[in-house]
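Participant: Hey, dropping data19.csv in here, CSV, N, CA and C atoms:
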chain,number,residue,atom,x,y,z
A,216,MET,N,-1.8,4.1,-5.3
A,216,MET,CA,-3.1,4.3,-4.7
A,216,MET,C,-3.7,5.6,-5.2
A,217,LYS,N,-5.0,5.6,-5.3
A,217,LYS,CA,-5.8,6.7,-5.8
A,217,LYS,C,-6.9,7.0,-4.8
A,218,PRO,N,-7.4,8.2,-4.8
A,218,PRO,CA,-8.6,8.5,-3.9
A,218,PRO,C,-9.8,7.6,-4.2
A,219,GLU,N,-10.0,7.2,-5.5
A,219,GLU,CA,-11.1,6.4,-5.9
A,219,GLU,C,-11.0,5.0,-5.2
A,220,ASP,N,-9.8,4.5,-4.9
A,220,ASP,CA,-9.6,3.2,-4.2
A,220,ASP,C,-10.3,3.2,-2.8
A,221,PHE,N,-10.4,4.4,-2.2
A,221,PHE,CA,-10.8,4.5,-0.8
A,221,PHE,C,-12.3,5.1,-0.7
A,222,GLU,N,-12.8,5.7,-1.7
A,222,GLU,CA,-14.1,6.3,-1.6
A,222,GLU,C,-15.2,5.3,-1.1
A,223,PRO,N,-15.2,4.1,-1.6
A,223,PRO,CA,-16.3,3.2,-1.1
A,223,PRO,C,-16.2,2.9,0.4
A,224,TRP,N,-15.0,3.1,1.0
A,224,TRP,CA,-14.8,2.8,2.4
A,224,TRP,C,-15.1,3.9,3.4
A,225,ILE,N,-15.5,5.1,2.8
A,225,ILE,CA,-15.8,6.2,3.7
A,225,ILE,C,-17.0,5.8,4.6
A,226,GLY,N,-16.8,6.0,5.9
A,226,GLY,CA,-17.9,5.7,6.9
A,226,GLY,C,-17.9,4.2,7.3
A,227,ARG,N,-16.9,3.4,6.8
A,227,ARG,CA,-16.8,2.0,7.1
A,227,ARG,C,-15.6,1.8,8.0
A,228,ALA,N,-15.7,0.7,8.8
A,228,ALA,CA,-14.6,0.2,9.6
A,228,ALA,C,-13.6,-0.5,8.7
A,229,VAL,N,-12.3,-0.2,9.0
A,229,VAL,CA,-11.2,-0.9,8.2
A,229,VAL,C,-10.3,-1.6,9.3
A,230,ARG,N,-9.8,-2.7,8.9
A,230,ARG,CA,-9.0,-3.5,9.8
A,230,ARG,C,-7.5,-3.1,9.6
A,231,VAL,N,-6.9,-2.9,10.8
A,231,VAL,CA,-5.5,-2.5,10.8
A,231,VAL,C,-4.7,-3.6,11.5
A,232,ALA,N,-3.6,-4.1,10.8
A,232,ALA,CA,-2.8,-5.2,11.3
A,232,ALA,C,-1.9,-4.7,12.4
A,233,THR,N,-2.2,-5.0,13.6
A,233,THR,CA,-1.4,-4.7,14.8
A,233,THR,C,-1.1,-5.9,15.6
A,234,VAL,N,-0.2,-5.8,16.5
A,234,VAL,CA,0.2,-7.0,17.4
A,234,VAL,C,-0.3,-6.6,18.8
A,235,PRO,N,-0.9,-7.4,19.5
A,235,PRO,CA,-1.1,-8.9,19.3
A,235,PRO,C,-2.3,-9.2,18.4
A,236,GLU,N,-3.2,-8.3,18.2
A,236,GLU,CA,-4.3,-8.6,17.4
A,236,GLU,C,-4.7,-7.3,16.6
A,237,PRO,N,-5.4,-7.5,15.5
A,237,PRO,CA,-5.8,-6.3,14.7
A,237,PRO,C,-6.8,-5.4,15.4
A,238,VAL,N,-6.8,-4.2,15.0
A,238,VAL,CA,-7.8,-3.2,15.5
A,238,VAL,C,-8.6,-2.6,14.4
A,239,GLU,N,-9.7,-1.9,14.7
A,239,GLU,CA,-10.5,-1.3,13.6
A,239,GLU,C,-10.5,0.2,13.8
A,240,LEU,N,-10.3,0.9,12.7
A,240,LEU,CA,-10.5,2.3,12.6
A,240,LEU,C,-11.6,2.6,11.6
A,241,THR,N,-12.3,3.7,11.7
A,241,THR,CA,-13.3,4.1,10.7
A,241,THR,C,-12.7,5.2,9.8
A,242,LEU,N,-12.8,4.9,8.5
A,242,LEU,CA,-12.4,6.0,7.6
A,242,LEU,C,-13.5,7.0,7.5
A,243,VAL,N,-13.3,8.2,8.1
A,243,VAL,CA,-14.4,9.2,8.2
A,243,VAL,C,-14.4,10.2,7.1
A,244,ARG,N,-13.2,10.4,6.4
A,244,ARG,CA,-13.2,11.4,5.4
A,244,ARG,C,-12.0,11.2,4.5
A,245,LEU,N,-12.2,11.6,3.2
A,245,LEU,CA,-11.2,11.6,2.2
A,245,LEU,C,-11.1,13.1,1.7
A,246,GLN,N,-10.0,13.7,1.7
A,246,GLN,CA,-9.8,15.1,1.3
A,246,GLN,C,-8.9,15.1,0.0
A,247,ARG,N,-9.5,15.5,-1.1
A,247,ARG,CA,-8.6,15.7,-2.3
A,247,ARG,C,-7.9,17.0,-2.2
A,248,LYS,N,-6.8,17.0,-2.9
A,248,LYS,CA,-5.9,18.2,-2.9
A,248,LYS,C,-5.7,18.6,-4.4
A,249,PRO,N,-5.3,19.9,-4.7
A,249,PRO,CA,-5.0,20.3,-6.0
A,249,PRO,C,-3.9,19.5,-6.6
A,250,VAL,N,-4.0,19.1,-7.9
A,250,VAL,CA,-3.0,18.4,-8.6
A,250,VAL,C,-1.9,19.4,-9.1
A,251,PHE,N,-0.7,19.0,-8.8
A,251,PHE,CA,0.5,19.8,-9.2
A,251,PHE,C,0.9,19.4,-10.6
A,252,VAL,N,1.4,20.3,-11.4
A,252,VAL,CA,1.9,20.0,-12.7
A,252,VAL,C,3.1,19.0,-12.6
A,253,GLY,N,3.0,17.9,-13.3
A,253,GLY,CA,4.0,16.9,-13.3
A,253,GLY,C,3.8,15.8,-12.2
A,254,ALA,N,2.8,16.0,-11.4
A,254,ALA,CA,2.5,15.0,-10.3
A,254,ALA,C,2.1,13.6,-10.9
A,255,GLU,N,2.6,12.6,-10.3
A,255,GLU,CA,2.3,11.2,-10.7
A,255,GLU,C,0.8,10.8,-10.4
A,256,ARG,N,0.3,11.4,-9.4
A,256,ARG,CA,-1.1,11.1,-9.0
A,256,ARG,C,-1.7,12.3,-8.3
A,257,GLU,N,-3.0,12.3,-8.1
A,257,GLU,CA,-3.7,13.3,-7.4
A,257,GLU,C,-3.5,13.2,-5.9
A,258,PRO,N,-3.0,14.3,-5.3
A,258,PRO,CA,-2.7,14.2,-3.8
A,258,PRO,C,-4.0,14.1,-3.0
A,259,PHE,N,-4.0,13.4,-1.9
A,259,PHE,CA,-5.2,13.3,-1.1
A,259,PHE,C,-4.8,12.9,0.3
A,260,SER,N,-5.7,13.1,1.2
A,260,SER,CA,-5.5,12.7,2.6
A,260,SER,C,-6.7,11.8,3.1
A,261,LEU,N,-6.4,10.8,4.0
A,261,LEU,CA,-7.4,10.0,4.6
A,261,LEU,C,-7.5,10.4,6.0
A,262,PHE,N,-8.7,10.4,6.6
A,262,PHE,CA,-8.8,10.7,8.0
A,262,PHE,C,-9.6,9.5,8.7
A,263,PHE,N,-9.0,9.0,9.7
A,263,PHE,CA,-9.5,7.8,10.4
A,263,PHE,C,-9.9,8.2,11.9
A,264,GLU,N,-10.8,7.5,12.5
A,264,GLU,CA,-11.1,7.7,13.9
A,264,GLU,C,-11.3,6.3,14.5
A,265,SER,N,-11.1,6.3,15.8
A,265,SER,CA,-11.2,5.1,16.6
A,265,SER,C,-11.7,5.5,18.0
A,266,THR,N,-12.1,4.5,18.8
A,266,THR,CA,-12.4,4.7,20.2
A,266,THR,C,-11.1,5.1,20.9
A,267,GLU,N,-11.3,5.6,22.1
A,267,GLU,CA,-10.2,6.1,22.8
A,267,GLU,C,-9.2,5.0,23.2
A,268,ASP,N,-9.7,3.8,23.4
A,268,ASP,CA,-8.8,2.7,23.8
A,268,ASP,C,-7.9,2.1,22.7
A,269,VAL,N,-8.1,2.6,21.4
A,269,VAL,CA,-7.3,2.2,20.3
A,269,VAL,C,-6.2,3.3,20.2
A,270,TYR,N,-5.0,2.9,20.5
A,270,TYR,CA,-3.9,3.9,20.5
A,270,TYR,C,-2.8,3.4,19.5
A,271,LEU,N,-2.6,4.1,18.4
A,271,LEU,CA,-1.6,3.7,17.4
A,271,LEU,C,-0.5,4.8,17.4
A,272,LEU,N,0.7,4.4,17.3
A,272,LEU,CA,1.9,5.3,17.2
A,272,LEU,C,1.9,5.8,15.7
A,273,ASP,N,2.6,6.9,15.5
A,273,ASP,CA,2.9,7.4,14.1
A,273,ASP,C,3.8,6.4,13.5
A,274,ALA,N,3.2,5.6,12.5
A,274,ALA,CA,4.0,4.5,11.9
A,274,ALA,C,3.2,4.0,10.7
A,275,ALA,N,3.8,3.1,10.0
A,275,ALA,CA,3.2,2.5,8.8
A,275,ALA,C,2.5,1.2,9.3
A,276,TYR,N,1.3,1.0,8.9
A,276,TYR,CA,0.5,-0.2,9.2
A,276,TYR,C,-0.1,-0.8,8.0
A,277,GLU,N,-0.5,-2.0,8.0
A,277,GLU,CA,-1.2,-2.7,6.9
A,277,GLU,C,-2.7,-2.5,7.1
A,278,PHE,N,-3.3,-1.8,6.2
A,278,PHE,CA,-4.8,-1.5,6.3
A,278,PHE,C,-5.5,-2.4,5.3
A,279,ASP,N,-6.6,-3.1,5.7
A,279,ASP,CA,-7.4,-3.9,4.8
A,279,ASP,C,-8.6,-3.1,4.4
A,280,CYS,N,-8.4,-2.2,3.4
A,280,CYS,CA,-9.5,-1.4,2.9
A,280,CYS,C,-9.1,-1.0,1.4
A,281,GLY,N,-10.1,-0.6,0.7
A,281,GLY,CA,-9.9,-0.1,-0.7
A,281,GLY,C,-9.7,-1.3,-1.6
A,282,ARG,N,-9.7,-1.0,-2.9
A,282,ARG,CA,-9.5,-2.0,-3.9
A,282,ARG,C,-8.1,-2.3,-4.0
A,283,GLY,N,-7.7,-3.5,-4.2
A,283,GLY,CA,-6.4,-3.9,-4.4
A,283,GLY,C,-5.6,-4.0,-3.1
A,284,GLY,N,-6.2,-3.9,-1.9
A,284,GLY,CA,-5.5,-3.9,-0.7
A,284,GLY,C,-5.1,-5.3,-0.3
A,285,PRO,N,-4.5,-5.5,0.8
A,285,PRO,CA,-4.2,-4.5,1.9
A,285,PRO,C,-3.1,-3.5,1.4
A,286,TYR,N,-3.2,-2.4,2.0
A,286,TYR,CA,-2.3,-1.3,1.7
A,286,TYR,C,-1.4,-1.0,3.0
A,287,THR,N,-0.2,-0.7,2.8
A,287,THR,CA,0.7,-0.2,3.8
A,287,THR,C,0.5,1.3,3.8
A,288,ILE,N,0.0,1.8,4.9
A,288,ILE,CA,-0.3,3.2,5.0
A,288,ILE,C,0.4,3.8,6.3
A,289,LEU,N,1.1,5.0,6.1
A,289,LEU,CA,1.7,5.7,7.1
A,289,LEU,C,0.7,6.7,7.7
A,290,ILE,N,0.5,6.5,9.0
A,290,ILE,CA,-0.5,7.4,9.7
A,290,ILE,C,0.2,8.3,10.7
A,291,SER,N,-0.4,9.4,11.0
A,291,SER,CA,0.1,10.3,12.1
A,291,SER,C,-1.1,10.6,12.9
A,292,GLN,N,-0.9,10.7,14.2
A,292,GLN,CA,-1.9,11.1,15.2
A,292,GLN,C,-2.3,12.5,15.0
A,293,LEU,N,-3.6,12.8,15.2
A,293,LEU,CA,-4.1,14.1,15.3
A,293,LEU,C,-4.7,14.3,16.7
A,294,GLN,N,-5.0,15.5,17.1
A,294,GLN,CA,-5.5,15.8,18.4
A,294,GLN,C,-6.8,15.0,18.6
A,295,PRO,N,-7.0,14.2,19.7
A,295,PRO,CA,-8.2,13.5,20.0
A,295,PRO,C,-9.3,14.6,20.3
A,296,THR,N,-10.6,14.2,19.9
A,296,THR,CA,-11.7,15.1,20.2
A,296,THR,C,-12.9,14.2,20.5
A,297,ASN,N,-13.7,14.7,21.4
A,297,ASN,CA,-15.0,14.0,21.8
A,297,ASN,C,-14.8,12.6,22.2
A,298,GLY,N,-13.7,12.2,22.8
A,298,GLY,CA,-13.5,10.8,23.2
A,298,GLY,C,-13.1,9.9,22.1
A,299,ARG,N,-12.7,10.5,21.0
A,299,ARG,CA,-12.3,9.7,19.8
A,299,ARG,C,-10.8,10.0,19.4
A,300,ARG,N,-10.1,9.0,19.1
A,300,ARG,CA,-8.7,9.2,18.6
A,300,ARG,C,-8.8,9.4,17.1
A,301,ARG,N,-8.0,10.3,16.6
A,301,ARG,CA,-8.0,10.6,15.2
A,301,ARG,C,-6.6,10.4,14.5
A,302,TYR,N,-6.6,10.0,13.3
A,302,TYR,CA,-5.4,9.7,12.6
A,302,TYR,C,-5.5,10.3,11.1
A,303,GLN,N,-4.4,10.6,10.6
A,303,GLN,CA,-4.3,11.1,9.2
A,303,GLN,C,-3.3,10.4,8.4
A,304,ALA,N,-3.6,10.1,7.1
A,304,ALA,CA,-2.6,9.6,6.2
A,304,ALA,C,-2.6,10.6,5.0
A,305,VAL,N,-1.4,11.0,4.6
A,305,VAL,CA,-1.2,12.0,3.5
A,305,VAL,C,-0.5,11.3,2.3
A,306,PHE,N,-1.1,11.4,1.1
A,306,PHE,CA,-0.5,10.9,-0.1
A,306,PHE,C,-0.3,12.0,-1.1
A,307,ASN,N,1.0,12.3,-1.3
A,307,ASN,CA,1.4,13.4,-2.2
A,307,ASN,C,1.9,12.9,-3.5
Once more with this new file: its structure as structure tokens, please.

Facilitator:
Amino acid sequence: MKPEDFEPWIGRAVRVATVPEPVELTLVRLQRKPVFVGAEREPFSLFFESTEDVYLLDAAYEFDCGRGGPYTILISQLQPTNGRRRYQAVFN
């Protein structure tokens, strides 16, 4: 996975495979990080938001976004703000 795979999805809702039914998160930001010597890819982070009623545990989920998806992405919760839940995925 590369940052370019997700750039077209910034600001768009993406479907996350959850049980009993899928939920939607919005990809709100992509943050590129400096490339380390010998790194296999450019490190980056994805930041997602949802309404307060969508609560996901820190875990890997199948996301239907980006080119070549769906992707299995590990997300971690961030501090909720302004009635929105926030999640982050880090790719090193």

Participant: Take the point (-13.5, 11.1, -1.0) as written in the file and pick out every residue within 7 Å of it, counting all atoms listed in the file; give the list as a VMD selection string.

Facilitator: chain A and resid 218 to 219 221 to 222 244 to 247

Participant: Determine which residues of chain A DSSP labels as strand (DSSP E) from the backbone of this structure, then write them out as a PyMOL selection string.

Facilitator: chain A and resi 228-232+238-247+259-266+274-279+286-296+299-306

Participant: Any idea what the distance is between atom CA of A:Ser260 and atom CA of A:Pro235?

Facilitator: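 Taking atom CA of A:Ser260 as the start and atom CA of A:Pro235 as the end point, the length is 27.7 Å.
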
Participant: Name the residues of chain A that come out as helix (DSSP H, G or I) in a backbone DSSP run; write them as an NGL selection string.

Facilitator: :A and (218-224)

Participant: Please list as a list in words every residue within 9 Å of A:Ala232, counting only C-alpha atoms and excluding residues in the same chain fewer than 5 positions away.

Facilitator: Pro237, Val238, Glu239, Tyr276, Glu277, Phe278 and Asp279 of chain A

Participant: Atom C of A:Thr241 and atom CA of A:Met216 are how many Å apart?

Facilitator: 17.4 Å

Participant: Need to verify the contact set: A:Trp224, 6.5 Å, only N, CA and C atoms, exclusion of same-chain residues closer than 3 positions in sequence. Can you return it as a VMD selection string?

Facilitator: chain A and resid 220 to 221 227 to 228 242 281

Participant: Around the point (3.3, 9.2, -7.3) in the file's coordinates, collect all residues with an atom within 9 Å, using only C-alpha atoms, and return them as a VMD selection string.

Facilitator: chain A and resid 216 254 to 258 306 to 307

Participant: Could you check how far atom CA of A:Thr266 sits from atom CA of A:Lys248, in Å to one decimal?

Facilitator: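 Result for atom CA of A:Thr266 versus atom CA of A:Lys248: 27.5 Å, one decimal.
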
Participant: Residues near stretch 286-299 of chain A, anyone? I mean within 8 Å using all atoms listed in the file, not counting same-chain ones fewer than 2 positions away, as a VMD selection string.

Facilitator: chain A and resid 263 to 268 271 to 284 301 to 305

Participant: Write the residues of the selection above to a file with N, CA and C atoms, as a PDB file, in the frame of the given file.

Facilitator:
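Saved to part.pdb:
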ATOM      1  N   PHE A 263      -9.000   9.000   9.700  1.00  0.00           N
ATOM      2  CA  PHE A 263      -9.500   7.800  10.400  1.00  0.00           C
ATOM      3  C   PHE A 263      -9.900   8.200  11.900  1.00  0.00           C
ATOM      4  N   GLU A 264     -10.800   7.500  12.500  1.00  0.00           N
ATOM      5  CA  GLU A 264     -11.100   7.700  13.900  1.00  0.00           C
ATOM      6  C   GLU A 264     -11.300   6.300  14.500  1.00  0.00           C
ATOM      7  N   SER A 265     -11.100   6.300  15.800  1.00  0.00           N
ATOM      8  CA  SER A 265     -11.200   5.100  16.600  1.00  0.00           C
ATOM      9  C   SER A 265     -11.700   5.500  18.000  1.00  0.00           C
ATOM     10  N   THR A 266     -12.100   4.500  18.800  1.00  0.00           N
ATOM     11  CA  THR A 266     -12.400   4.700  20.200  1.00  0.00           C
ATOM     12  C   THR A 266     -11.100   5.100  20.900  1.00  0.00           C
ATOM     13  N   GLU A 267     -11.300   5.600  22.100  1.00  0.00           N
ATOM     14  CA  GLU A 267     -10.200   6.100  22.800  1.00  0.00           C
ATOM     15  C   GLU A 267      -9.200   5.000  23.200  1.00  0.00           C
ATOM     16  N   ASP A 268      -9.700   3.800  23.400  1.00  0.00           N
ATOM     17  CA  ASP A 268      -8.800   2.700  23.800  1.00  0.00           C
ATOM     18  C   ASP A 268      -7.900   2.100  22.700  1.00  0.00           C
ATOM     19  N   LEU A 271      -2.600   4.100  18.400  1.00  0.00           N
ATOM     20  CA  LEU A 271      -1.600   3.700  17.400  1.00  0.00           C
ATOM     21  C   LEU A 271      -0.500   4.800  17.400  1.00  0.00           C
ATOM     22  N   LEU A 272       0.700   4.400  17.300  1.00  0.00           N
ATOM     23  CA  LEU A 272       1.900   5.300  17.200  1.00  0.00           C
ATOM     24  C   LEU A 272       1.900   5.800  15.700  1.00  0.00           C
ATOM     25  N   ASP A 273       2.600   6.900  15.500  1.00  0.00           N
ATOM     26  CA  ASP A 273       2.900   7.400  14.100  1.00  0.00           C
ATOM     27  C   ASP A 273       3.800   6.400  13.500  1.00  0.00           C
ATOM     28  N   ALA A 274       3.200   5.600  12.500  1.00  0.00           N
ATOM     29  CA  ALA A 274       4.000   4.500  11.900  1.00  0.00           C
ATOM     30  C   ALA A 274       3.200   4.000  10.700  1.00  0.00           C
ATOM     31  N   ALA A 275       3.800   3.100  10.000  1.00  0.00           N
ATOM     32  CA  ALA A 275       3.200   2.500   8.800  1.00  0.00           C
ATOM     33  C   ALA A 275       2.500   1.200   9.300  1.00  0.00           C
ATOM     34  N   TYR A 276       1.300   1.000   8.900  1.00  0.00           N
ATOM     35  CA  TYR A 276       0.500  -0.200   9.200  1.00  0.00           C
ATOM     36  C   TYR A 276      -0.100  -0.800   8.000  1.00  0.00           C
ATOM     37  N   GLU A 277      -0.500  -2.000   8.000  1.00  0.00           N
ATOM     38  CA  GLU A 277      -1.200  -2.700   6.900  1.00  0.00           C
ATOM     39  C   GLU A 277      -2.700  -2.500   7.100  1.00  0.00           C
ATOM     40  N   PHE A 278      -3.300  -1.800   6.200  1.00  0.00           N
ATOM     41  CA  PHE A 278      -4.800  -1.500   6.300  1.00  0.00           C
ATOM     42  C   PHE A 278      -5.500  -2.400   5.300  1.00  0.00           C
ATOM     43  N   ASP A 279      -6.600  -3.100   5.700  1.00  0.00           N
ATOM     44  CA  ASP A 279      -7.400  -3.900   4.800  1.00  0.00           C
ATOM     45  C   ASP A 279      -8.600  -3.100   4.400  1.00  0.00           C
ATOM     46  N   CYS A 280      -8.400  -2.200   3.400  1.00  0.00           N
ATOM     47  CA  CYS A 280      -9.500  -1.400   2.900  1.00  0.00           C
ATOM     48  C   CYS A 280      -9.100  -1.000   1.400  1.00  0.00           C
ATOM     49  N   GLY A 281     -10.100  -0.600   0.700  1.00  0.00           N
ATOM     50  CA  GLY A 281      -9.900  -0.100  -0.700  1.00  0.00           C
ATOM     51  C   GLY A 281      -9.700  -1.300  -1.600  1.00  0.00           C
ATOM     52  N   ARG A 282      -9.700  -1.000  -2.900  1.00  0.00           N
ATOM     53  CA  ARG A 282      -9.500  -2.000  -3.900  1.00  0.00           C
ATOM     54  C   ARG A 282      -8.100  -2.300  -4.000  1.00  0.00           C
ATOM     55  N   GLY A 283      -7.700  -3.500  -4.200  1.00  0.00           N
ATOM     56  CA  GLY A 283      -6.400  -3.900  -4.400  1.00  0.00           C
ATOM     57  C   GLY A 283      -5.600  -4.000  -3.100  1.00  0.00           C
ATOM     58  N   GLY A 284      -6.200  -3.900  -1.900  1.00  0.00           N
ATOM     59  CA  GLY A 284      -5.500  -3.900  -0.700  1.00  0.00           C
ATOM     60  C   GLY A 284      -5.100  -5.300  -0.300  1.00  0.00           C
ATOM     61  N   ARG A 301      -8.000  10.300  16.600  1.00  0.00           N
ATOM     62  CA  ARG A 301      -8.000  10.600  15.200  1.00  0.00           C
ATOM     63  C   ARG A 301      -6.600  10.400  14.500  1.00  0.00           C
ATOM     64  N   TYR A 302      -6.600  10.000  13.300  1.00  0.00           N
ATOM     65  CA  TYR A 302      -5.400   9.700  12.600  1.00  0.00           C
ATOM     66  C   TYR A 302      -5.500  10.300  11.100  1.00  0.00           C
ATOM     67  N   GLN A 303      -4.400  10.600  10.600  1.00  0.00           N
ATOM     68  CA  GLN A 303      -4.300  11.100   9.200  1.00  0.00           C
ATOM     69  C   GLN A 303      -3.300  10.400   8.400  1.00  0.00           C
ATOM     70  N   ALA A 304      -3.600  10.100   7.100  1.00  0.00           N
ATOM     71  CA  ALA A 304      -2.600   9.600   6.200  1.00  0.00           C
ATOM     72  C   ALA A 304      -2.600  10.600   5.000  1.00  0.00           C
ATOM     73  N   VAL A 305      -1.400  11.000   4.600  1.00  0.00           N
ATOM     74  CA  VAL A 305      -1.200  12.000   3.500  1.00  0.00           C
ATOM     75  C   VAL A 305      -0.500  11.300   2.300  1.00  0.00           C
TER      76      VAL A 305
END

Participant: Compare A:Leu240, A:Lys217, A:Arg230, A:Ile225 by their minimum atom-to-atom distance to A:Tyr270, counting only C-alpha atoms, and give me the closest one.

Facilitator: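 Ranking A:Leu240, A:Lys217, A:Arg230, A:Ile225 by distance to A:Tyr270, first place goes to A:Leu240.
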
Participant: Any chance you could export stretch 242-258 of chain A with N, CA, C and O atoms, as a PDB file, in the first residue's frame?

Facilitator:
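Final output, part-v9.pdb:
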ATOM      1  N   LEU A 242     -12.448   9.207   5.503  1.00  0.00           N
ATOM      2  CA  LEU A 242     -10.993   9.417   5.481  1.00  0.00           C
ATOM      3  C   LEU A 242     -10.772  10.926   5.430  1.00  0.00           C
ATOM      4  O   LEU A 242     -11.034  11.562   4.415  1.00  0.00           O
ATOM      5  N   VAL A 243     -10.347  11.507   6.547  1.00  0.00           N
ATOM      6  CA  VAL A 243     -10.254  12.967   6.633  1.00  0.00           C
ATOM      7  C   VAL A 243      -8.864  13.511   6.318  1.00  0.00           C
ATOM      8  O   VAL A 243      -8.729  14.676   5.923  1.00  0.00           O
ATOM      9  N   ARG A 244      -7.848  12.665   6.467  1.00  0.00           N
ATOM     10  CA  ARG A 244      -6.492  13.187   6.250  1.00  0.00           C
ATOM     11  C   ARG A 244      -5.515  12.055   5.988  1.00  0.00           C
ATOM     12  O   ARG A 244      -5.654  10.962   6.519  1.00  0.00           O
ATOM     13  N   LEU A 245      -4.527  12.355   5.162  1.00  0.00           N
ATOM     14  CA  LEU A 245      -3.400  11.466   4.905  1.00  0.00           C
ATOM     15  C   LEU A 245      -2.147  12.261   5.261  1.00  0.00           C
ATOM     16  O   LEU A 245      -1.984  13.388   4.797  1.00  0.00           O
ATOM     17  N   GLN A 246      -1.310  11.698   6.113  1.00  0.00           N
ATOM     18  CA  GLN A 246      -0.082  12.391   6.523  1.00  0.00           C
ATOM     19  C   GLN A 246       1.117  11.584   6.067  1.00  0.00           C
ATOM     20  O   GLN A 246       1.313  10.450   6.497  1.00  0.00           O
ATOM     21  N   ARG A 247       1.905  12.177   5.195  1.00  0.00           N
ATOM     22  CA  ARG A 247       3.149  11.530   4.741  1.00  0.00           C
ATOM     23  C   ARG A 247       4.244  11.780   5.769  1.00  0.00           C
ATOM     24  O   ARG A 247       4.258  12.807   6.443  1.00  0.00           O
ATOM     25  N   LYS A 248       5.174  10.827   5.851  1.00  0.00           N
ATOM     26  CA  LYS A 248       6.281  10.940   6.798  1.00  0.00           C
ATOM     27  C   LYS A 248       7.592  10.808   6.034  1.00  0.00           C
ATOM     28  O   LYS A 248       7.616  10.262   4.931  1.00  0.00           O
ATOM     29  N   PRO A 249       8.698  11.283   6.607  1.00  0.00           N
ATOM     30  CA  PRO A 249       9.987  11.195   5.911  1.00  0.00           C
ATOM     31  C   PRO A 249      10.358   9.739   5.613  1.00  0.00           C
ATOM     32  O   PRO A 249      10.111   8.841   6.414  1.00  0.00           O
ATOM     33  N   VAL A 250      10.961   9.542   4.456  1.00  0.00           N
ATOM     34  CA  VAL A 250      11.398   8.205   4.045  1.00  0.00           C
ATOM     35  C   VAL A 250      12.741   7.913   4.689  1.00  0.00           C
ATOM     36  O   VAL A 250      13.655   8.737   4.662  1.00  0.00           O
ATOM     37  N   PHE A 251      12.856   6.739   5.284  1.00  0.00           N
ATOM     38  CA  PHE A 251      14.105   6.308   5.892  1.00  0.00           C
ATOM     39  C   PHE A 251      14.944   5.559   4.865  1.00  0.00           C
ATOM     40  O   PHE A 251      14.398   4.879   3.991  1.00  0.00           O
ATOM     41  N   VAL A 252      16.255   5.662   4.988  1.00  0.00           N
ATOM     42  CA  VAL A 252      17.153   4.940   4.084  1.00  0.00           C
ATOM     43  C   VAL A 252      16.884   3.445   4.215  1.00  0.00           C
ATOM     44  O   VAL A 252      16.800   2.904   5.316  1.00  0.00           O
ATOM     45  N   GLY A 253      16.681   2.786   3.102  1.00  0.00           N
ATOM     46  CA  GLY A 253      16.440   1.352   3.095  1.00  0.00           C
ATOM     47  C   GLY A 253      14.984   0.965   3.306  1.00  0.00           C
ATOM     48  O   GLY A 253      14.661  -0.218   3.322  1.00  0.00           O
ATOM     49  N   ALA A 254      14.111   1.952   3.463  1.00  0.00           N
ATOM     50  CA  ALA A 254      12.689   1.645   3.675  1.00  0.00           C
ATOM     51  C   ALA A 254      12.082   1.077   2.394  1.00  0.00           C
ATOM     52  O   ALA A 254      12.430   1.487   1.289  1.00  0.00           O
ATOM     53  N   GLU A 255      11.171   0.136   2.555  1.00  0.00           N
ATOM     54  CA  GLU A 255      10.522  -0.476   1.403  1.00  0.00           C
ATOM     55  C   GLU A 255       9.452   0.423   0.806  1.00  0.00           C
ATOM     56  O   GLU A 255       9.087   0.266  -0.350  1.00  0.00           O
ATOM     57  N   ARG A 256       8.906   1.324   1.603  1.00  0.00           N
ATOM     58  CA  ARG A 256       7.881   2.241   1.110  1.00  0.00           C
ATOM     59  C   ARG A 256       7.908   3.523   1.918  1.00  0.00           C
ATOM     60  O   ARG A 256       8.497   3.592   2.991  1.00  0.00           O
ATOM     61  N   GLU A 257       7.229   4.524   1.404  1.00  0.00           N
ATOM     62  CA  GLU A 257       7.101   5.796   2.100  1.00  0.00           C
ATOM     63  C   GLU A 257       6.153   5.622   3.282  1.00  0.00           C
ATOM     64  O   GLU A 257       5.012   5.174   3.111  1.00  0.00           O
ATOM     65  N   PRO A 258       6.586   5.950   4.506  1.00  0.00           N
ATOM     66  CA  PRO A 258       5.697   5.826   5.657  1.00  0.00           C
ATOM     67  C   PRO A 258       4.598   6.892   5.593  1.00  0.00           C
ATOM     68  O   PRO A 258       4.821   8.006   5.125  1.00  0.00           O
TER      69      PRO A 258
END
